[in-house]
2 protein chains.
Amino acid sequence: MPILPRCSDRWLVERVFKAIGPAPIRIVLGDREGISPPGVDQVATVIIHDRRILAGLMLDPEVAFSEAYAAGKIEIRGNLLRFLEVVYQAWPGGKVATAWYAKAFSKWTEWWQGDTLQGSRKNIYHHYDLGNDFYKLWLDRQMVYTCAYFPTPSATIEEAQEAKLDYVCRKVRLQAGESVVDAGCGWGALALHMARNYGVNVKAFNVSHEQILFARERARAEGLTGQVEFIEDDYRNIRGKFDAFLSVGMLEHVGLKHYAELGDVIHRAIGDSGRGLLHFIGRSHPVALSRWIRKRIFPGSYVPTLREAMATLEPWSYSVLDVENLRLHYARTLEHWLDRFERSQDEVAAKYGEWFARAWRLYLAGSVTAFKCNTMQLFQIVFAGAKCNPMYWTRAPLYADHSGQDQEQGHEWTHAMS
Amino acid sequence: MPILPRCSDRWLVERVFKAIGPAPIRIVLGDREGISPPGVDQVATVIIHDRRILAGLMLDPEVAFSEAYAAGKIEIRGNLLRFLEVVYQAWPGGKVATAWYAKAFSKWTEWWQGDTLQGSRKNIYHHYDLGNDFYKLWLDRQMVYTCAYFPTPSATIEEAQEAKLDYVCRKVRLQAGESVVDAGCGWGALALHMARNYGVNVKAFNVSHEQILFARERARAEGLTGQVEFIEDDYRNIRGKFDAFLSVGMLEHVGLKHYAELGDVIHRAIGDSGRGLLHFIGRSHPVALSRWIRKRIFPGSYVPTLREAMATLEPWSYSVLDVENLRLHYARTLEHWLDRFERSQDEVAAKYGEWFARAWRLYLAGSVTAFKCNTMQLFQIVFAGAKCNPMYWTRAPLYADHSGQDQEQGHEWTHAMS
């Protein structure tokens, strides 16, 4: 198996550390002694079972590591999350490079992975049609596969997803009888929450067949079919007039070059008088998503900066009322998912294979770390049409007891503006 | 005086309505009968004393109207604010034009008005060195010349400015002993509030000589000279290391092409570990500021969209934690200022001339309308360095009783992240 003389091991591992930064970890090649940066306590040990992956670790560490980990050629002894955290933290940083080739690569991948109607369908199938049973193993009871909102860090994932659904509704201040479009509705939890708790009429769109069937079944079971229509179609085919446009966790799949088009869809739906909310994973600077994630987990995804996301709202002069960054809530959400996933990992491995189970564990753990270490952001943007006033005089009602104060403040607000 | 035959009056006024839209107003040429769009109740009457301005009203309505109003050649009978509001609302709208000539004109003006160190000084003198006595006539007791924060719409301007100063401090969660830079500090109210109420050390920068002298005197009177240093210098000359960077009402004067430079200044000051707040007038789509405002009131100003403002934060990967749009608070602030200004208008006219008093009244009234009618936005952005965690787990503590809950929540938060 060794295709390189053993004397070069130290040199090779030193090159790996040069590529990934001086993380406090120990790297062990097969049965040899471990190597680590001097003067630090190691938080985990990386055991490399196949030395042929060393070249990859030097040139393209993220993809090489992830592929080898999923294939079982790399093993982590110690806490996987702590390991990922120290590696993220040691990663060479500094002012963000925006070299032409980085931009060109990003643009090329954009084009290559495609977000045409056909492309979007294919990409979404890849991830969301893995089977509802798979997601049931580790999501909350309501099957919400987006960042939760933890009123306190110790809330359960069930509480936090319920809190998120309601927080989103309060942010756009839904009123009974209004019509709402939910673009990219997942398994339908938000659409059902809006109909059930706010008395609004919802049209919910999603291209994932499995998710739509599941959502329809829930609407039937709850007797909400008169209020919620689940439509298996692309956001670009949204038709009709609405009071509010909500999209939670879809922008990541829309693709940078379609943001203006999404803006047109929003304007067709709510005009200048409506308001809306976009909830999406974001960045603090423009970088393509990890190539491994795009290759193995989320083909066709792009995670925009706030500046880039504005390409959706600016052409129609939508005014941004509120942006909140909930990245630490996503880290906490993912910790819950990872914990549940790990408890089901044997079941996943038996059903989908060892490779799949390991790859997904790494994806969830890597995501915890990315949100915790500030590599990823989670933005909620509330926006309003040029002829729509803000829904609140101050944001205080969002955090007040929701029984009465909200109405009172709203009253004062309406009076103040008349 | 009439240089056009009277038979053309109706035709001319109809052309004016075509240019400004069918606002429910009546236009009267000298002693002639008024003309107004059919079928609407007029909210105000415009009396044009000099028909030579009609051509201007057709071709460049905003500048021509403003100049003529300031010169007393146009008179408004009725409520000035209501008049401006209906004119704003009738203004031809639709999807925002981004024609090449609009962009080119905007860029040319940018360049022409300049924001070099020399240019900035000149532009700021123009506005802010009118004399402290002038601003004392109509600002609040603390001399805060930026958007206030009204906990309820009925708060006084004194209460609302105090509330704003404190809100800003809470948003970045100042801690006793920290060092803070205040870029563009006006008459020093925020710097003094931070030192007095939060026990921080402040370096406050401003190029306006009159304002700095005034601020220094206040620091002496309050015995805060050990904690606050007022420096008469440009933001580009900020030196030193700080925990937080605050700038309230300066970005409007920085100029689009200097945003990246401002980002570098911020990074030099707080690095990746600090946090900050930018408070500025914004837009929902990129448009140059009214040419009349730039000519007569605020030379060299540019009011950015959120997307444009990101050019400051994105290169250094600052993460946006929170954006709040307070445009209706600015409308309310301006209503207070206008009310006070009108009560002092005779005094202003006696001291600075009729032209000046009328021009400033129009500027304040037009600003009320611009914020009320969604033409202008007021953004507060809270941001944090790549190595700085959000200051709050949720935003609830910002709206809680500030005696104890804040600390408690913060405690839980720290615990949760450790």
# chains A, B, ... in the order shown; residues from 1 in each chain; ligands from 1
>>> residues_around(residues="region 8-16 of chain B", least_positions_apart="6", cutoff="10 Å", atoms="only C-alpha atoms", output="list in words")
Pro22, Arg26, Ile27, Val28, Leu29, Arg32, Glu33, Gly34, Ile35, Ser36, Pro37, Arg51, Leu54, Ala55, Gly56, Leu57, Met58, Leu59, Asp60 and Pro61 of chain B
>>> write_last_selection(atoms="N, CA and C atoms", output="CSV table (one decimal), in the first residue's frame")
chain,number,residue,atom,x,y,z
B,22,PRO,N,-50.6,63.9,-11.5
B,22,PRO,CA,-51.9,64.6,-11.2
B,22,PRO,C,-52.1,64.8,-9.7
B,26,ARG,N,-54.0,73.0,-6.7
B,26,ARG,CA,-54.4,74.0,-7.6
B,26,ARG,C,-53.2,74.9,-7.9
B,27,ILE,N,-53.0,75.2,-9.2
B,27,ILE,CA,-51.9,76.0,-9.6
B,27,ILE,C,-52.5,77.4,-10.1
B,28,VAL,N,-52.1,78.5,-9.5
B,28,VAL,CA,-52.6,79.8,-9.9
B,28,VAL,C,-51.4,80.6,-10.4
B,29,LEU,N,-51.6,81.1,-11.6
B,29,LEU,CA,-50.6,82.0,-12.2
B,29,LEU,C,-51.0,83.4,-11.9
B,32,ARG,N,-54.6,85.2,-12.1
B,32,ARG,CA,-55.5,84.4,-12.9
B,32,ARG,C,-56.3,83.4,-12.1
B,33,GLU,N,-57.2,82.7,-12.8
B,33,GLU,CA,-58.0,81.7,-12.2
B,33,GLU,C,-57.1,80.4,-12.0
B,34,GLY,N,-57.3,79.6,-11.0
B,34,GLY,CA,-56.5,78.4,-10.7
B,34,GLY,C,-56.9,77.3,-11.7
B,35,ILE,N,-55.9,76.4,-11.9
B,35,ILE,CA,-56.1,75.2,-12.7
B,35,ILE,C,-55.7,74.0,-11.8
B,36,SER,N,-56.5,72.9,-11.9
B,36,SER,CA,-56.2,71.7,-11.1
B,36,SER,C,-56.7,70.5,-11.9
B,37,PRO,N,-56.1,69.3,-11.6
B,37,PRO,CA,-56.6,68.1,-12.3
B,37,PRO,C,-58.1,67.9,-12.0
B,51,ARG,N,-44.1,84.0,-14.0
B,51,ARG,CA,-44.4,82.9,-15.0
B,51,ARG,C,-43.2,82.4,-15.7
B,54,LEU,N,-42.1,78.8,-15.2
B,54,LEU,CA,-42.9,77.6,-15.7
B,54,LEU,C,-42.1,76.6,-16.5
B,55,ALA,N,-41.2,77.1,-17.4
B,55,ALA,CA,-40.4,76.2,-18.2
B,55,ALA,C,-39.6,75.3,-17.3
B,56,GLY,N,-39.0,75.9,-16.2
B,56,GLY,CA,-38.2,75.1,-15.3
B,56,GLY,C,-39.1,74.0,-14.6
B,57,LEU,N,-40.3,74.4,-14.3
B,57,LEU,CA,-41.2,73.4,-13.6
B,57,LEU,C,-41.6,72.2,-14.5
B,58,MET,N,-41.5,72.5,-15.8
B,58,MET,CA,-41.8,71.4,-16.8
B,58,MET,C,-40.6,70.5,-16.9
B,59,LEU,N,-39.4,71.1,-17.0
B,59,LEU,CA,-38.2,70.3,-17.4
B,59,LEU,C,-37.5,69.7,-16.2
B,60,ASP,N,-37.5,70.5,-15.1
B,60,ASP,CA,-36.7,70.0,-13.9
B,60,ASP,C,-37.5,70.5,-12.7
B,61,PRO,N,-38.7,69.9,-12.5
B,61,PRO,CA,-39.7,70.4,-11.5
B,61,PRO,C,-39.1,70.6,-10.1
>>> interface_residues(of="chain A", to="chain B", cutoff="7 Å", atoms="only C-alpha atoms", output="PyMOL selection string")
chain A and resi 95-96+151+153+284-285+307+310+314-325+374+386+394+396+399+416
>>> residues_around(residues="Leu362 (chain B)", least_positions_apart="5", cutoff="12 Å", atoms="only C-alpha atoms", output="ChimeraX atom specification")
/B:62-63,65-72,74-76,80-81,83-84,292-293,296-297,334,338,341-342,345,355-357,367-370
>>> write_last_selection(atoms="N, CA and C atoms", output="short mmCIF file (atom, residue, chain, number, x, y, z; two decimals), in the first residue's frame")
data_model
loop_
_atom_site.label_atom_id
_atom_site.label_comp_id
_atom_site.auth_asym_id
_atom_site.auth_seq_id
_atom_site.Cartn_x
_atom_site.Cartn_y
_atom_site.Cartn_z
N GLU B 62 -38.29 69.67 -9.62
CA GLU B 62 -37.87 69.74 -8.23
C GLU B 62 -36.96 70.93 -7.96
N VAL B 63 -35.94 71.07 -8.80
CA VAL B 63 -35.01 72.19 -8.61
C VAL B 63 -35.71 73.52 -8.84
N PHE B 65 -38.90 74.31 -8.64
CA PHE B 65 -39.84 74.63 -7.57
C PHE B 65 -39.09 75.11 -6.33
N SER B 66 -38.06 74.39 -5.95
CA SER B 66 -37.36 74.71 -4.72
C SER B 66 -36.71 76.09 -4.79
N GLU B 67 -36.07 76.35 -5.92
CA GLU B 67 -35.42 77.65 -6.09
C GLU B 67 -36.45 78.78 -6.02
N ALA B 68 -37.57 78.57 -6.72
CA ALA B 68 -38.60 79.61 -6.77
C ALA B 68 -39.26 79.79 -5.40
N TYR B 69 -39.43 78.69 -4.69
CA TYR B 69 -40.04 78.78 -3.36
C TYR B 69 -39.12 79.58 -2.42
N ALA B 70 -37.83 79.24 -2.46
CA ALA B 70 -36.89 79.93 -1.58
C ALA B 70 -36.82 81.42 -1.93
N ALA B 71 -36.94 81.74 -3.21
CA ALA B 71 -36.86 83.14 -3.66
C ALA B 71 -38.18 83.89 -3.47
N GLY B 72 -39.21 83.18 -3.02
CA GLY B 72 -40.51 83.83 -2.81
C GLY B 72 -41.31 84.01 -4.09
N ILE B 74 -42.75 81.55 -5.62
CA ILE B 74 -43.86 80.60 -5.50
C ILE B 74 -44.31 80.65 -4.05
N GLU B 75 -45.62 80.58 -3.87
CA GLU B 75 -46.18 80.62 -2.53
C GLU B 75 -47.13 79.44 -2.39
N ILE B 76 -47.16 78.81 -1.23
CA ILE B 76 -48.10 77.70 -1.00
C ILE B 76 -49.17 78.18 -0.03
N LEU B 80 -48.13 73.09 4.10
CA LEU B 80 -46.96 72.77 3.28
C LEU B 80 -46.67 71.28 3.27
N LEU B 81 -46.79 70.63 4.45
CA LEU B 81 -46.51 69.20 4.53
C LEU B 81 -47.50 68.38 3.70
N PHE B 83 -49.21 69.46 1.19
CA PHE B 83 -48.91 69.77 -0.21
C PHE B 83 -47.78 68.87 -0.73
N LEU B 84 -46.68 68.82 0.03
CA LEU B 84 -45.53 68.02 -0.41
C LEU B 84 -45.89 66.54 -0.48
N TRP B 292 -31.29 69.76 -5.90
CA TRP B 292 -31.44 71.01 -5.14
C TRP B 292 -30.81 70.87 -3.75
N ILE B 293 -31.06 69.71 -3.10
CA ILE B 293 -30.49 69.49 -1.77
C ILE B 293 -28.95 69.52 -1.86
N ARG B 296 -27.91 73.29 -2.56
CA ARG B 296 -28.18 74.35 -1.58
C ARG B 296 -27.98 73.93 -0.12
N ILE B 297 -28.18 72.66 0.18
CA ILE B 297 -28.21 72.27 1.59
C ILE B 297 -27.04 71.36 1.98
N LEU B 334 -38.19 64.87 12.21
CA LEU B 334 -38.21 66.06 11.36
C LEU B 334 -39.45 66.91 11.58
N LEU B 338 -39.14 70.73 12.31
CA LEU B 338 -39.86 71.70 11.48
C LEU B 338 -40.76 72.59 12.33
N PHE B 341 -38.58 74.95 14.09
CA PHE B 341 -38.00 75.88 13.12
C PHE B 341 -39.02 76.95 12.73
N GLU B 342 -40.25 76.50 12.45
CA GLU B 342 -41.28 77.46 12.03
C GLU B 342 -41.55 78.49 13.12
N GLN B 345 -38.89 81.03 12.77
CA GLN B 345 -38.57 81.43 11.39
C GLN B 345 -38.29 82.94 11.25
N TRP B 355 -34.46 84.42 2.14
CA TRP B 355 -34.16 83.30 1.26
C TRP B 355 -33.77 82.07 2.06
N PHE B 356 -32.83 82.26 2.99
CA PHE B 356 -32.31 81.16 3.80
C PHE B 356 -33.43 80.53 4.62
N ALA B 357 -34.25 81.36 5.25
CA ALA B 357 -35.32 80.85 6.11
C ALA B 357 -36.32 80.02 5.31
N SER B 367 -38.03 66.87 3.77
CA SER B 367 -37.44 65.70 4.39
C SER B 367 -38.49 64.91 5.17
N VAL B 368 -39.36 65.61 5.89
CA VAL B 368 -40.47 64.92 6.56
C VAL B 368 -41.18 64.03 5.54
N THR B 369 -41.52 64.65 4.41
CA THR B 369 -42.31 63.96 3.38
C THR B 369 -41.54 62.80 2.78
N ALA B 370 -40.25 63.01 2.53
CA ALA B 370 -39.44 61.95 1.90
C ALA B 370 -39.40 60.71 2.79
#
>>> residues_around(residues="region 198-213 of chain B", least_positions_apart="2", cutoff="8 Å", atoms="only C-alpha atoms", output="ChimeraX atom specification")
/B:121,124-125,128-129,131-132,174-188,191,193-196,215-217,227-235,238
>>> closest_residue(among="A:His253, A:His49, A:Lys164, A:Arg236", to="Pro304 (chain A)", atoms="only C-alpha atoms")
A:His253
>>> select_by_dssp(residues="region 87-279 of chain B", states="alpha helix (DSSP H)", output="VMD selection string")
chain B and resid 87 to 90 100 to 113 117 to 128 132 to 136 157 to 171 189 to 198 209 to 222 251 to 254 259 to 270
